[in-house]
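**Student:** Quick one: the structure is below, and I'll ask about it shortly.
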Amino acid sequence: GIDNVGNDNRGSLNSGSSNVGHSNTGSFNRGSFNSGDYNTGHANTGSFNRGNRNSGKWNVCNNSCGFFNTAEPPAHMFDKPTGLRASEIRLPKWLQKGDLNASLQSAEIDDLQATFALPNFDAAIFERITGISAETLNAVIARKKTEALTRI
């Protein structure tokens with residue numbers, strides 16, 4: 001690989017030794033974007049994790065935070081448990097882009113409306129985090145509907 005620091009790395013941008021994958025920090029990781037040692041999977045923080053996106057140690061599942069977990073926990077949204085795993089939740093496409101204000105203006109109406117159907121949707125929390133109020137979201141939806149009607 002290239003740009004590795006340490007010994008016996010396979011992949012690129014690793015810091016540590018005996019990593020297989022890319023952008024690992026630590027040693028003996030198998031996968032990419034791990035921080036810690038002896039992780040198998042991707043985007044783990046901590047050590048001895050098997051799975052993806054774990055934080056802590058000795059987890060053998062996905063999206064877990066803590067220690068010695070075997071099952072993916074329910075995702076929390078808007079400060080409440082959803083009863084769903086993170087892998088079961090589909091965020092509207094417009095929320096998966098970096099510049100939310102630009103994305104808001106270019107999004108499809110159905111995609112914008114799906115925001116209100118997110119598990120545990122809370123308009124105050126949404127605005128606090130994104131800076132976009134429910135009123136603004138509804139105004140953009142109304143404007144897009146009007147523009148669609150004028151094109152007919």
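Please note that chains go A, B, ... in the order of the structure tokens, that every chain numbers its residues from 1, and that ligands are numbered from 1 in the order shown.
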Applying 12 Å and only C-alpha atoms, which residues near Asn69 (chain A) remain after dropping the ones on its own chain fewer than 2 positions away? List them as a list in words.
**Tutor:**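 Counting only the stated atoms, we get Phe48, Asn49, Arg50, Gly51, Asn54, Ser55, Gly56, Lys57, Trp58, Asn59, Val60, Cys61, Asn62, Asn63, Ser64, Cys65, Gly66, Phe67, Ala71, Glu72 and Pro73 of chain A.
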**Student:** Near region 108-117 of chain A, counting only C-alpha atoms, which residues have an atom at most 10 Å away, once you skip same-chain residues fewer than 3 positions from it, shown as a list in words?
**Tutor:** Arg90, Leu91, Pro92, Lys93, Trp94, Leu95, Ser103, Leu104, Gln105, Asn120, Phe121, Asp122, Ala123, Phe126, Ala134, Leu137, Asn138, Val140, Ile141, Ala142, Arg143, Lys144, Lys145 and Ala148 of chain A
**Student:** So that I can see what lies close to Asn29 (chain A), please list as a list in words the residues with an atom at most 7 Å from it, counting only C-alpha atoms and leaving out residues fewer than 4 positions away in the same chain.
**Tutor:**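 Skipping anything fewer than 4 positions along the chain leaves Asn19, Val20, Asn24, Asn34, Asp37, Tyr38, Asn39 and Thr40 of chain A.
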**Student:** Can you write just those residues out, N, CA and C atoms, as a compact mmCIF listing (two decimals), in the first residue's frame?
**Tutor:**
# COMPACT_ATOMS: atom_id res chain seq x y z
N ASN A 19 -2.09 -4.10 9.50
CA ASN A 19 -3.46 -3.79 9.11
C ASN A 19 -3.72 -4.28 7.70
N VAL A 20 -4.94 -4.74 7.45
CA VAL A 20 -5.39 -5.11 6.12
C VAL A 20 -6.61 -4.25 5.85
N ASN A 24 -6.73 2.78 8.57
CA ASN A 24 -6.83 2.29 9.94
C ASN A 24 -5.82 3.00 10.83
N ASN A 34 -10.90 1.82 10.76
CA ASN A 34 -10.95 1.41 12.16
C ASN A 34 -9.97 2.22 12.99
N ASP A 37 -7.35 -1.49 18.03
CA ASP A 37 -6.60 -2.68 17.65
C ASP A 37 -7.52 -3.90 17.52
N TYR A 38 -7.13 -4.81 16.64
CA TYR A 38 -7.79 -6.10 16.48
C TYR A 38 -9.28 -5.99 16.11
N ASN A 39 -9.64 -5.03 15.30
CA ASN A 39 -11.01 -4.91 14.81
C ASN A 39 -11.15 -5.64 13.48
N THR A 40 -12.28 -6.27 13.28
CA THR A 40 -12.63 -6.90 12.01
C THR A 40 -13.94 -6.29 11.55
**Student:** I need the residues of region 16-109 of chain A that end up classed as strand (DSSP E or B) by DSSP on the backbone, written out as a ChimeraX atom specification.
**Tutor:** /A:20,25,30,35,40,45-47,50,55-57,65-67,76-77,80-81
**Student:** Using only C-alpha atoms, pick whichever of A:Ser133, A:Gly26, A:Arg128, A:Ser87 has the shortest atom-to-atom distance to Arg53 (chain A).
**Tutor:**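 For Arg53 (chain A), the nearest of the candidates is A:Ser87.
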**Student:** Within region 70-119 of chain A, find each residue whose DSSP state, derived from the backbone, is alpha helix (DSSP H), and express the selection as a PyMOL selection string.
**Tutor:** chain A and resi 100-106+109-113
**Student:** Mind writing the picked residues with N, CA and C atoms as a PDB file, in the first residue's frame?
**Tutor:**
ATOM      1  N   LEU A 100     -27.267  21.218   3.438  1.00  0.00           N
ATOM      2  CA  LEU A 100     -28.703  20.961   3.545  1.00  0.00           C
ATOM      3  C   LEU A 100     -29.555  22.055   2.917  1.00  0.00           C
ATOM      4  N   ASN A 101     -29.126  23.303   3.016  1.00  0.00           N
ATOM      5  CA  ASN A 101     -29.931  24.385   2.433  1.00  0.00           C
ATOM      6  C   ASN A 101     -30.006  24.266   0.917  1.00  0.00           C
ATOM      7  N   ALA A 102     -28.900  23.941   0.278  1.00  0.00           N
ATOM      8  CA  ALA A 102     -28.912  23.745  -1.171  1.00  0.00           C
ATOM      9  C   ALA A 102     -29.692  22.484  -1.527  1.00  0.00           C
ATOM     10  N   SER A 103     -29.508  21.443  -0.740  1.00  0.00           N
ATOM     11  CA  SER A 103     -30.209  20.193  -0.977  1.00  0.00           C
ATOM     12  C   SER A 103     -31.715  20.362  -0.810  1.00  0.00           C
ATOM     13  N   LEU A 104     -32.115  21.148   0.165  1.00  0.00           N
ATOM     14  CA  LEU A 104     -33.532  21.444   0.402  1.00  0.00           C
ATOM     15  C   LEU A 104     -34.174  22.049  -0.841  1.00  0.00           C
ATOM     16  N   GLN A 105     -33.481  22.968  -1.462  1.00  0.00           N
ATOM     17  CA  GLN A 105     -34.030  23.668  -2.627  1.00  0.00           C
ATOM     18  C   GLN A 105     -34.119  22.781  -3.865  1.00  0.00           C
ATOM     19  N   SER A 106     -33.262  21.784  -3.962  1.00  0.00           N
ATOM     20  CA  SER A 106     -33.244  20.943  -5.165  1.00  0.00           C
ATOM     21  C   SER A 106     -33.946  19.596  -4.978  1.00  0.00           C
ATOM     22  N   ILE A 109     -40.371  16.751  -4.027  1.00  0.00           N
ATOM     23  CA  ILE A 109     -41.427  16.974  -3.030  1.00  0.00           C
ATOM     24  C   ILE A 109     -41.600  15.751  -2.128  1.00  0.00           C
ATOM     25  N   ASP A 110     -41.690  14.557  -2.719  1.00  0.00           N
ATOM     26  CA  ASP A 110     -41.890  13.344  -1.917  1.00  0.00           C
ATOM     27  C   ASP A 110     -40.757  13.123  -0.927  1.00  0.00           C
ATOM     28  N   ASP A 111     -39.546  13.442  -1.354  1.00  0.00           N
ATOM     29  CA  ASP A 111     -38.387  13.272  -0.484  1.00  0.00           C
ATOM     30  C   ASP A 111     -38.459  14.247   0.697  1.00  0.00           C
ATOM     31  N   LEU A 112     -38.878  15.475   0.429  1.00  0.00           N
ATOM     32  CA  LEU A 112     -39.026  16.453   1.510  1.00  0.00           C
ATOM     33  C   LEU A 112     -40.132  16.042   2.477  1.00  0.00           C
ATOM     34  N   GLN A 113     -41.250  15.558   1.947  1.00  0.00           N
ATOM     35  CA  GLN A 113     -42.354  15.133   2.801  1.00  0.00           C
ATOM     36  C   GLN A 113     -41.977  13.939   3.666  1.00  0.00           C
TER      37      GLN A 113
END
**Student:** Can you tell me how far CA of Arg30 (chain A) sits from CA of Asp3 (chain A), in Å to one decimal?
**Tutor:** 17.4 Å
**Student:** At what distance in Å, to one decimal, does CA of Asp79 (chain A) lie from CA of Ala124 (chain A)?
**Tutor:**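 So the answer is 11.6 Å.
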**Student:** If you measure from CA of Met77 (chain A) to CA of Gly36 (chain A), what distance in Å do you get, rounded to one decimal?
**Tutor:**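 Rounded to one decimal, the two atoms are 27.2 Å apart.
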**Student:** So, with only C-alpha atoms as the atoms that count, which of A:Asn44, A:Ser32, A:Thr146, A:Asn52 lies closest to Ser15 (chain A)?
**Tutor:** A:Ser32
**Student:** Would you please work out which residue, of A:Thr82, A:Ser23, A:Thr130, A:Ser47, is nearest to Val5 (chain A) when using only C-alpha atoms?
**Tutor:**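 Among the listed residues, the smallest separation from Val5 (chain A) belongs to A:Ser23.
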**Student:** Have a look at A:Pro119, A:Gly31, A:Gly131, A:Pro74 and name the one nearest to Ser18 (chain A); count only C-alpha atoms.
**Tutor:** A:Gly31
